[in-house]
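This is final28.cif (mmCIF, C-alpha atoms).
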```
data_target
#
loop_
_atom_site.label_atom_id
_atom_site.label_comp_id
_atom_site.auth_asym_id
_atom_site.auth_seq_id
_atom_site.Cartn_x
_atom_site.Cartn_y
_atom_site.Cartn_z
CA MET A 1247 107.10 50.68 -8.01
CA PHE A 1248 110.25 48.66 -7.42
CA ASN A 1249 113.40 47.81 -9.36
CA ALA A 1250 114.01 44.42 -10.95
CA LEU A 1251 116.56 42.94 -13.34
CA VAL A 1252 114.29 42.00 -16.24
CA LEU A 1253 115.16 39.62 -19.07
CA ASP A 1254 112.96 39.78 -22.17
CA LYS A 1255 112.74 38.33 -25.66
CA ASN A 1256 110.45 40.49 -27.74
CA PRO A 1257 111.62 39.29 -30.22
CA ASP A 1258 115.32 39.92 -29.46
CA PHE A 1259 116.92 39.29 -26.11
CA SER A 1260 117.32 42.22 -23.74
CA VAL A 1261 118.43 42.67 -20.13
CA ALA A 1262 117.99 45.79 -18.01
CA VAL A 1263 117.15 47.01 -14.52
CA LYS A 1264 113.62 48.36 -14.79
CA ALA A 1265 111.06 49.98 -12.50
CA VAL A 1266 107.98 47.73 -12.37
CA ASP A 1267 104.89 47.56 -10.18
CA ASP A 1268 103.11 44.81 -8.26
CA HIS A 1269 101.19 43.75 -11.38
CA PHE A 1270 104.52 42.46 -12.69
CA LEU A 1271 104.82 39.98 -9.81
CA PRO A 1272 104.06 36.37 -10.79
CA ALA A 1273 100.95 34.41 -9.89
CA VAL A 1274 101.18 31.86 -7.08
CA PRO A 1275 98.58 29.17 -6.28
CA GLU A 1276 95.88 30.43 -3.95
CA GLY A 1277 96.76 30.18 -0.29
CA LEU A 1278 100.50 29.76 -0.93
CA GLY A 1279 101.66 33.21 -1.99
CA VAL A 1280 104.27 35.08 0.03
CA THR A 1281 105.58 38.53 -0.90
CA VAL A 1282 109.14 39.14 0.26
CA ALA A 1283 111.12 42.37 0.45
CA ILE A 1284 114.44 41.13 -0.93
CA ASP A 1285 117.47 42.52 0.88
CA TYR A 1286 120.12 40.59 -1.04
CA SER A 1287 120.34 38.16 -3.92
CA THR A 1288 123.34 36.54 -5.59
CA LEU A 1289 124.79 35.70 -8.96
CA ASN A 1290 125.22 32.00 -9.54
CA TYR A 1291 126.54 30.35 -12.68
CA LYS A 1292 122.99 29.63 -13.81
CA ASP A 1293 122.11 33.33 -13.36
CA ALA A 1294 125.15 34.24 -15.46
CA LEU A 1295 124.00 31.92 -18.24
CA ALA A 1296 120.53 33.50 -18.18
CA ILE A 1297 121.68 37.13 -18.02
CA THR A 1298 124.24 36.68 -20.80
CA ASN A 1299 121.76 34.63 -22.87
CA THR A 1300 124.36 31.93 -23.49
CA SER A 1301 122.19 28.95 -22.51
CA PRO A 1302 118.40 28.37 -22.64
CA VAL A 1303 117.98 28.69 -18.88
CA VAL A 1304 114.92 30.94 -19.06
CA ARG A 1305 111.73 29.24 -20.20
CA SER A 1306 109.16 31.96 -19.56
CA TRP A 1307 109.29 35.58 -20.71
CA PRO A 1308 109.62 38.24 -19.44
CA MET A 1309 111.68 36.95 -16.53
CA VAL A 1310 113.24 38.45 -13.42
CA ALA A 1311 116.62 36.79 -12.93
CA GLY A 1312 117.89 35.51 -9.62
CA VAL A 1313 117.62 31.94 -8.33
CA ASP A 1314 118.42 33.04 -4.75
CA GLY A 1315 116.98 35.59 -2.37
CA ALA A 1316 116.93 36.53 1.29
CA GLY A 1317 114.70 39.06 2.95
CA THR A 1318 111.61 39.79 5.03
CA VAL A 1319 108.03 38.68 4.48
CA ILE A 1320 105.77 41.70 3.90
CA ASP A 1321 102.57 39.87 2.96
CA SER A 1322 101.51 36.23 3.22
CA GLU A 1323 98.61 33.99 2.32
CA HIS A 1324 100.61 30.96 3.46
CA PRO A 1325 99.79 29.51 6.90
CA HIS A 1326 103.47 29.03 7.83
CA TRP A 1327 104.62 32.60 7.16
CA LYS A 1328 103.72 36.01 8.54
CA PRO A 1329 104.94 39.57 7.95
CA GLY A 1330 108.30 40.11 9.60
CA ASP A 1331 109.59 36.57 9.10
CA LYS A 1332 113.13 36.32 7.70
CA VAL A 1333 113.37 33.80 4.87
CA VAL A 1334 115.77 32.28 2.33
CA LEU A 1335 114.89 31.05 -1.16
CA ASN A 1336 117.03 28.75 -3.31
CA GLY A 1337 116.01 27.17 -6.61
CA PHE A 1338 112.59 25.64 -7.39
CA GLY A 1339 112.78 27.10 -10.90
CA VAL A 1340 112.86 30.68 -9.67
CA GLY A 1341 114.66 32.82 -12.25
CA GLU A 1342 113.87 30.17 -14.88
CA THR A 1343 110.11 29.56 -15.01
CA HIS A 1344 109.06 31.79 -12.07
CA LYS A 1345 110.18 35.42 -11.68
CA GLY A 1346 113.16 35.60 -9.37
CA CYS A 1347 114.95 37.57 -6.70
CA LEU A 1348 117.25 40.02 -8.47
CA ALA A 1349 114.71 42.64 -7.49
CA GLU A 1350 113.58 44.67 -4.51
CA LYS A 1351 110.49 42.50 -4.17
CA ALA A 1352 109.53 38.92 -5.06
CA ARG A 1353 106.30 36.95 -5.00
CA LEU A 1354 107.06 33.34 -4.05
CA ASN A 1355 105.40 30.07 -3.14
CA GLY A 1356 105.66 29.74 0.63
CA ASP A 1357 106.36 26.01 0.30
CA TRP A 1358 109.72 26.94 -1.23
CA LEU A 1359 110.96 29.08 1.65
CA VAL A 1360 113.33 28.18 4.47
CA PRO A 1361 113.56 30.16 7.73
CA LEU A 1362 116.71 32.27 7.87
CA PRO A 1363 118.90 30.67 10.57
CA ASP A 1364 119.57 33.02 13.49
CA ALA A 1365 123.30 32.68 12.82
CA PHE A 1366 123.05 34.58 9.53
CA SER A 1367 122.15 38.05 8.35
CA THR A 1368 120.36 38.19 5.00
CA ARG A 1369 123.64 39.33 3.43
CA GLN A 1370 125.54 36.39 4.90
CA ALA A 1371 122.84 34.01 3.69
CA MET A 1372 123.35 35.27 0.16
CA ALA A 1373 127.12 35.17 0.51
CA ILE A 1374 126.43 31.46 0.98
CA GLY A 1375 123.54 31.24 -1.49
CA THR A 1376 122.79 28.27 -3.70
CA ALA A 1377 126.52 27.70 -4.16
CA GLY A 1378 127.17 27.24 -0.45
CA TYR A 1379 123.94 25.36 0.12
CA THR A 1380 124.93 23.01 -2.74
CA ALA A 1381 128.40 22.56 -1.25
CA MET A 1382 126.76 21.54 2.02
CA LEU A 1383 124.49 19.08 0.20
CA CYS A 1384 127.61 17.55 -1.36
CA VAL A 1385 129.33 17.19 2.01
CA MET A 1386 126.19 15.64 3.49
CA ALA A 1387 125.94 13.17 0.58
CA LEU A 1388 129.57 12.11 1.08
CA GLU A 1389 128.96 11.73 4.82
CA ARG A 1390 125.88 9.57 4.26
CA HIS A 1391 127.91 7.33 1.97
CA GLY A 1392 130.65 7.03 4.61
CA ALA A 1393 133.36 8.39 2.32
CA LEU A 1394 134.47 11.01 4.84
CA HIS A 1395 135.04 8.58 7.71
CA GLY A 1396 138.71 8.14 8.43
CA GLY A 1397 141.71 9.81 6.82
CA GLY A 1398 142.76 10.52 3.28
CA GLU A 1399 142.63 13.48 0.94
CA VAL A 1400 139.39 15.04 -0.28
CA LEU A 1401 139.50 16.74 -3.68
CA VAL A 1402 137.49 19.86 -4.50
CA THR A 1403 137.40 20.86 -8.17
CA GLY A 1404 136.53 24.33 -9.42
CA ALA A 1405 137.86 25.41 -6.07
CA THR A 1406 137.84 29.18 -6.56
CA GLY A 1407 134.19 29.18 -7.65
CA GLY A 1408 131.25 29.62 -5.31
CA VAL A 1409 130.59 25.93 -4.66
CA GLY A 1410 134.28 25.11 -4.52
CA SER A 1411 135.25 27.93 -2.16
CA ILE A 1412 132.62 27.02 0.40
CA ALA A 1413 133.24 23.29 0.00
CA VAL A 1414 136.93 23.88 0.81
CA ALA A 1415 136.01 25.96 3.86
CA LEU A 1416 133.44 23.43 5.11
CA LEU A 1417 135.61 20.35 4.64
CA ALA A 1418 138.60 22.02 6.29
CA ARG A 1419 136.49 23.15 9.26
CA LEU A 1420 135.26 19.55 9.63
CA GLY A 1421 138.86 18.36 9.91
CA HIS A 1422 139.46 16.83 6.48
CA VAL A 1423 142.62 17.06 4.38
CA VAL A 1424 141.51 19.17 1.42
CA VAL A 1425 143.16 19.38 -1.99
CA ALA A 1426 141.86 22.25 -4.12
CA ALA A 1427 142.03 22.07 -7.92
CA THR A 1428 141.96 25.35 -9.82
CA GLY A 1429 143.06 26.91 -13.08
CA LYS A 1430 143.83 30.14 -11.23
CA VAL A 1431 147.28 29.43 -9.84
CA GLY A 1432 147.47 33.00 -8.59
CA GLU A 1433 144.72 32.19 -6.09
CA THR A 1434 146.76 29.67 -4.12
CA ASP A 1435 146.99 31.91 -1.04
CA TYR A 1436 143.22 32.47 -1.18
CA LEU A 1437 142.55 28.72 -1.17
CA LEU A 1438 145.08 28.01 1.56
CA GLY A 1439 143.41 30.76 3.58
CA LEU A 1440 140.09 28.94 3.26
CA GLY A 1441 141.70 25.83 4.72
CA ALA A 1442 143.03 23.87 1.74
CA ASN A 1443 146.08 21.78 2.62
CA ARG A 1444 147.46 22.04 -0.89
CA VAL A 1445 146.50 23.29 -4.34
CA ILE A 1446 146.86 21.54 -7.70
CA ASP A 1447 146.49 22.80 -11.26
CA ARG A 1448 143.21 21.81 -12.88
CA ALA A 1449 145.27 20.74 -15.92
CA GLU A 1450 146.01 17.53 -14.00
CA LEU A 1451 142.33 16.64 -14.37
CA SER A 1452 140.87 18.47 -17.35
CA SER A 1453 142.21 16.38 -20.27
CA PRO A 1454 141.30 12.81 -21.29
CA GLY A 1455 142.95 10.23 -19.03
CA LYS A 1456 143.14 6.49 -18.41
CA PRO A 1457 139.99 4.65 -17.26
CA LEU A 1458 141.71 3.76 -13.97
CA GLN A 1459 144.45 5.90 -12.45
CA LYS A 1460 146.44 6.04 -9.24
CA GLU A 1461 144.16 6.15 -6.20
CA ARG A 1462 144.45 9.63 -4.73
CA TRP A 1463 141.16 10.73 -3.13
CA VAL A 1464 138.84 9.21 -0.56
CA ALA A 1465 136.12 11.63 -1.69
CA VAL A 1466 135.54 14.39 -4.23
CA VAL A 1467 133.28 17.43 -4.55
CA ASP A 1468 133.05 18.20 -8.28
CA SER A 1469 131.36 21.25 -9.79
CA VAL A 1470 133.09 20.94 -13.17
CA GLY A 1471 131.88 17.82 -14.97
CA SER A 1472 133.24 16.43 -18.26
CA HIS A 1473 136.85 15.10 -18.25
CA THR A 1474 137.49 16.57 -14.81
CA LEU A 1475 134.71 14.48 -13.27
CA VAL A 1476 135.80 11.37 -15.17
CA ASN A 1477 139.41 11.73 -14.00
CA ALA A 1478 138.28 12.42 -10.44
CA CYS A 1479 136.34 9.14 -10.48
CA ALA A 1480 139.32 7.30 -12.01
CA GLN A 1481 141.55 8.61 -9.18
CA THR A 1482 139.16 7.92 -6.29
CA SER A 1483 140.23 5.23 -3.84
CA TYR A 1484 138.47 1.90 -3.41
CA GLY A 1485 135.05 2.41 -1.83
CA GLY A 1486 135.25 6.19 -2.13
CA ALA A 1487 132.66 8.56 -3.52
CA VAL A 1488 132.36 11.56 -5.83
CA ALA A 1489 129.60 14.14 -5.33
CA ALA A 1490 128.80 15.77 -8.69
CA CYS A 1491 126.89 19.05 -8.74
CA GLY A 1492 128.03 21.14 -11.70
CA LEU A 1493 129.08 21.39 -15.32
CA ALA A 1494 131.50 24.30 -15.61
CA GLN A 1495 133.69 22.31 -18.02
CA GLY A 1496 130.79 20.52 -19.70
CA PHE A 1497 127.74 18.31 -19.21
CA ASP A 1498 129.29 15.31 -20.96
CA LEU A 1499 130.66 12.30 -19.09
CA PRO A 1500 133.31 10.82 -21.42
CA GLY A 1501 134.41 7.94 -19.23
CA THR A 1502 134.00 4.24 -18.48
CA VAL A 1503 132.38 2.13 -15.78
CA MET A 1504 135.78 0.88 -14.59
CA PRO A 1505 136.03 2.92 -11.35
CA PHE A 1506 132.53 1.86 -10.36
CA ILE A 1507 132.80 -1.89 -11.00
CA LEU A 1508 136.47 -2.45 -10.10
CA ARG A 1509 136.88 -0.06 -7.16
CA GLY A 1510 133.33 0.31 -5.95
CA VAL A 1511 133.48 4.07 -6.41
CA ALA A 1512 130.09 5.77 -5.99
CA LEU A 1513 129.01 8.71 -8.16
CA LEU A 1514 126.54 10.75 -6.10
CA GLY A 1515 124.38 13.19 -8.03
CA VAL A 1516 123.55 16.32 -6.01
CA ASP A 1517 120.60 18.48 -7.05
CA SER A 1518 119.94 21.73 -5.22
CA VAL A 1519 117.01 23.02 -7.29
CA MET A 1520 114.29 20.56 -6.27
CA ALA A 1521 115.75 19.14 -3.05
CA SER A 1522 113.19 18.41 -0.35
CA LEU A 1523 112.34 21.01 2.26
CA ALA A 1524 113.65 18.71 5.00
CA LEU A 1525 117.01 18.40 3.23
CA ARG A 1526 117.18 22.16 2.67
CA GLN A 1527 116.51 22.91 6.31
CA GLN A 1528 119.12 20.38 7.38
CA ALA A 1529 121.68 21.90 5.00
CA TRP A 1530 121.08 25.44 6.26
CA GLN A 1531 121.31 24.32 9.88
CA ARG A 1532 124.56 22.52 9.13
CA LEU A 1533 125.91 25.65 7.43
CA ALA A 1534 125.06 27.62 10.56
CA GLN A 1535 126.95 25.03 12.61
CA ASP A 1536 129.92 24.16 10.40
CA LEU A 1537 130.82 27.21 8.29
CA ASP A 1538 133.31 29.73 9.65
CA LEU A 1539 131.43 32.97 9.00
CA ALA A 1540 134.64 34.95 9.32
CA LEU A 1541 135.68 33.49 5.95
CA LEU A 1542 132.66 34.89 4.11
CA ASP A 1543 134.25 38.31 3.67
CA GLN A 1544 137.21 36.64 1.93
CA ILE A 1545 134.88 34.73 -0.36
CA THR A 1546 132.42 37.52 -1.17
CA THR A 1547 132.28 40.49 -3.52
CA GLU A 1548 129.24 42.77 -3.32
CA VAL A 1549 127.69 44.48 -6.35
CA SER A 1550 124.59 46.57 -6.88
CA LEU A 1551 121.59 45.49 -8.94
CA ALA A 1552 122.76 47.75 -11.78
CA GLU A 1553 126.29 46.30 -11.64
CA SER A 1554 125.05 42.72 -11.73
CA ILE A 1555 124.72 42.63 -15.53
CA ASP A 1556 128.45 43.24 -16.09
CA ALA A 1557 129.27 41.00 -13.13
CA ALA A 1558 127.30 38.15 -14.72
CA ALA A 1559 129.43 38.44 -17.86
CA ARG A 1560 132.60 38.24 -15.76
CA LEU A 1561 131.26 35.21 -13.92
CA ARG A 1562 130.38 33.48 -17.18
CA ALA A 1563 133.91 34.18 -18.43
CA GLY A 1564 135.49 32.63 -15.33
CA GLN A 1565 136.80 35.95 -14.05
CA VAL A 1566 135.16 35.85 -10.61
CA ARG A 1567 136.55 34.38 -7.40
CA GLY A 1568 134.18 33.07 -4.76
CA ARG A 1569 130.70 34.54 -4.38
CA LEU A 1570 128.92 37.56 -5.82
CA VAL A 1571 126.32 39.10 -3.51
CA VAL A 1572 123.84 41.50 -5.10
CA ARG A 1573 122.52 44.41 -3.04
CA THR A 1574 119.00 44.88 -4.41
CA ARG A 1575 118.34 48.27 -2.80
CA PRO A 1576 120.16 51.58 -3.30
#
```

Starting from the file, lay out its structure as structure tokens.
Amino acid sequence: MFNALVLDKNPDFSVAVKAVDDHFLPAVPEGLGVTVAIDYSTLNYKDALAITNTSPVVRSWPMVAGVDGAGTVIDSEHPHWKPGDKVVLNGFGVGETHKGCLAEKARLNGDWLVPLPDAFSTRQAMAIGTAGYTAMLCVMALERHGALHGGGEVLVTGATGGVGSIAVALLARLGHVVVAATGKVGETDYLLGLGANRVIDRAELSSPGKPLQKERWVAVVDSVGSHTLVNACAQTSYGGAVAACGLAQGFDLPGTVMPFILRGVALLGVDSVMASLALRQQAWQRLAQDLDLALLDQITTEVSLAESIDAAARLRAGQVRGRLVVRTRP
């Protein structure tokens, strides 16, 4: 028996930490299955939506929540993995269509796993989690476009969230001038401590604005969407780029093509769920190289599996700073 955070709809929605057995583990195609003892998981925004049942994230019932996990292989049919290997899992529909990692044990497709970099403990890997891995994908996308070559300010929206916090830390460590946008003005010292050069109120970006505005940013990491993303594009300098990876304000895009056709601004979509294995491995190696691990303690709050239900509600309500790491074992 092992504990798991189980979501069910039979017929009404329910969420609880339950003791289940190995028969509860999901099926995996023959020859690909890997059973992992999960040390730590996380709570991401998508997890919060699933656990609070406020968006149709889950598409198979019953479901174990948790899109992220880090731990040790205890059994493997997959040729690339053996017992004792340390691994990280992010995305691939885990916690949505495939039972996830907010549990003491998970059964996963070995093709989805990435080796845990030597630089990280399993706890540190989950302090980074999908949020930090996504932030790194955003930075890499901006680098590939060339938007981070040279000087100028780089904007990070939703800066006190998981993606935003790690994006600020990464960009600052890489030597860029970082402007952090947040609605939590009381967190200014936190953001400056992560490396932000200055902090602005998200109200500057969150309401409808002109199609073209004063050029302010050479690049943007946006996890907010809606009017914030539109204004960020309208304020991006000629030839700059905006990496979009989230929808905390909304999934709409109420803007115009003006920044794209008059300033050559590029809107770079960043998907972390189905990114290629090669891109995932590159992102995790870059995190090991470019992230100041000493900052993780400032970014991270740890909760138990039982506490994760209430923590998900706080995250959904915008009451969480940085990252939530979930300790899956007592």

Quiz item: If the PyMOL selection byres ((chain A and resi 1249-1266) around 6) is run on the structure shown, which residues does it catch, given as a list in words?
Solution: Met1247, Phe1248, Asp1267, Trp1307, Pro1308, Met1309, Val1310, Leu1348, Ala1349 and Glu1350 of chain A

Test item: the PyMOL selection byres ((chain A and resi 1360-1374) around 6) resolved as a list in words =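 Applied to this file, the PyMOL selection byres ((chain A and resi 1360-1374) around 6) selects Tyr1286, Ser1287, Thr1288, Ala1316, Lys1332, Val1333, Val1334, Leu1359, Gly1375, Gly1378, Ala1534 and Val1571 of chain A.
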
Worksheet item: Using all atoms listed in the file, which residues sit within 6 Å of stretch 1535-1551 of chain A once same-chain residues fewer than 4 positions away are excluded, as a list in words?
Response: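 In the requested form, the answer reads Leu1416, Gly1568, Arg1569, Leu1570, Val1571, Val1572, Arg1573 and Thr1574 of chain A.
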
Can those selected residues be exported to a file as a short mmCIF file (atom, residue, chain, number, x, y, z; two decimals), in the coordinates of the input so that it contains C-alpha atoms?
```
data_model
loop_
_atom_site.label_atom_id
_atom_site.label_comp_id
_atom_site.auth_asym_id
_atom_site.auth_seq_id
_atom_site.Cartn_x
_atom_site.Cartn_y
_atom_site.Cartn_z
CA LEU A 1416 133.44 23.43 5.11
CA GLY A 1568 134.18 33.07 -4.76
CA ARG A 1569 130.70 34.54 -4.38
CA LEU A 1570 128.92 37.56 -5.82
CA VAL A 1571 126.32 39.10 -3.51
CA VAL A 1572 123.84 41.50 -5.10
CA ARG A 1573 122.52 44.41 -3.04
CA THR A 1574 119.00 44.88 -4.41
#
```

Evaluate the PyMOL selection byres ((chain A and resi 1353) around 12) and record the selected residues as an mmCIF file with C-alpha atoms, in the coordinates of the input, following the chain and residue labels used in the document.
```cif
data_model
loop_
_atom_site.group_PDB
_atom_site.id
_atom_site.type_symbol
_atom_site.label_atom_id
_atom_site.label_comp_id
_atom_site.auth_asym_id
_atom_site.auth_seq_id
_atom_site.Cartn_x
_atom_site.Cartn_y
_atom_site.Cartn_z
ATOM 1 C CA ASP A 1267 104.890 47.560 -10.180
ATOM 2 C CA ASP A 1268 103.110 44.810 -8.260
ATOM 3 C CA HIS A 1269 101.190 43.750 -11.380
ATOM 4 C CA PHE A 1270 104.520 42.460 -12.690
ATOM 5 C CA LEU A 1271 104.820 39.980 -9.810
ATOM 6 C CA PRO A 1272 104.060 36.370 -10.790
ATOM 7 C CA ALA A 1273 100.950 34.410 -9.890
ATOM 8 C CA VAL A 1274 101.180 31.860 -7.080
ATOM 9 C CA PRO A 1275 98.580 29.170 -6.280
ATOM 10 C CA LEU A 1278 100.500 29.760 -0.930
ATOM 11 C CA GLY A 1279 101.660 33.210 -1.990
ATOM 12 C CA VAL A 1280 104.270 35.080 0.030
ATOM 13 C CA THR A 1281 105.580 38.530 -0.900
ATOM 14 C CA VAL A 1282 109.140 39.140 0.260
ATOM 15 C CA ALA A 1283 111.120 42.370 0.450
ATOM 16 C CA ILE A 1284 114.440 41.130 -0.930
ATOM 17 C CA VAL A 1310 113.240 38.450 -13.420
ATOM 18 C CA GLY A 1315 116.980 35.590 -2.370
ATOM 19 C CA GLY A 1317 114.700 39.060 2.950
ATOM 20 C CA THR A 1318 111.610 39.790 5.030
ATOM 21 C CA VAL A 1319 108.030 38.680 4.480
ATOM 22 C CA ILE A 1320 105.770 41.700 3.900
ATOM 23 C CA ASP A 1321 102.570 39.870 2.960
ATOM 24 C CA SER A 1322 101.510 36.230 3.220
ATOM 25 C CA GLU A 1323 98.610 33.990 2.320
ATOM 26 C CA HIS A 1324 100.610 30.960 3.460
ATOM 27 C CA LEU A 1335 114.890 31.050 -1.160
ATOM 28 C CA VAL A 1340 112.860 30.680 -9.670
ATOM 29 C CA GLY A 1341 114.660 32.820 -12.250
ATOM 30 C CA HIS A 1344 109.060 31.790 -12.070
ATOM 31 C CA LYS A 1345 110.180 35.420 -11.680
ATOM 32 C CA GLY A 1346 113.160 35.600 -9.370
ATOM 33 C CA CYS A 1347 114.950 37.570 -6.700
ATOM 34 C CA LEU A 1348 117.250 40.020 -8.470
ATOM 35 C CA ALA A 1349 114.710 42.640 -7.490
ATOM 36 C CA GLU A 1350 113.580 44.670 -4.510
ATOM 37 C CA LYS A 1351 110.490 42.500 -4.170
ATOM 38 C CA ALA A 1352 109.530 38.920 -5.060
ATOM 39 C CA LEU A 1354 107.060 33.340 -4.050
ATOM 40 C CA ASN A 1355 105.400 30.070 -3.140
ATOM 41 C CA GLY A 1356 105.660 29.740 0.630
ATOM 42 C CA TRP A 1358 109.720 26.940 -1.230
ATOM 43 C CA LEU A 1359 110.960 29.080 1.650
#
```

Requested in this report: For atom CA of A:Leu1388 and atom CA of A:Ser1411, determine how far apart the two atoms are, in Å to one decimal place.
Outcome: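 That distance, rounded to one decimal, is 17.1 Å.
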
With distances taken over all atoms listed in the file, the candidate from A:Val1424, A:Ser1483, A:Glu1461, A:Arg1562 nearest A:Ala1512 is A:Ser1483

Give me, as a list in words, all polymer residues having an atom no more than 12 Å from A:Gly1432, counting only C-alpha atoms and skipping those fewer than 4 positions away in the same chain. Thr1406, Thr1428, Tyr1436, Leu1437, Leu1438, Val1445, Ile1446, Asp1447 and Arg1567 of chain A

Counting all atoms listed in the file, what are the residues of stretch 1247-1292 of chain A within 12 Å of stretch 1488-1498 of chain A, and for each of them which pair of atoms is the nearest and at what distance in Å, to one decimal? Sort the table by chain and rising number, as JSON lines.
```
{"residue": "A:Asn1290", "atom": "CA", "partner": "A:Gly1492", "partner_atom": "CA", "distance": 11.4}
{"residue": "A:Tyr1291", "atom": "CA", "partner": "A:Ala1494", "partner_atom": "CA", "distance": 8.4}
{"residue": "A:Lys1292", "atom": "CA", "partner": "A:Gly1492", "partner_atom": "CA", "distance": 10.1}
```

Counting all atoms listed in the file, the residue among A:Trp1463, A:Ser1452, A:Val1313, A:Leu1514 that lies closest to A:Val1476 is A:Ser1452

* For each of A:Gly1398, A:Gly1312, A:Pro1325, A:Gly1408, take the minimum atom-to-atom distance to A:Gly1339, counting all atoms listed in the file, then give the residue where this is smallest. =>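 Smallest separation from A:Gly1339 among the options: A:Gly1312.
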
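If you measure from each of A:Val1385, A:Glu1342, A:Gly1404, A:Ala1529 to A:Gly1564 using all atoms listed in the file, the closest one turns out to be A:Gly1404.
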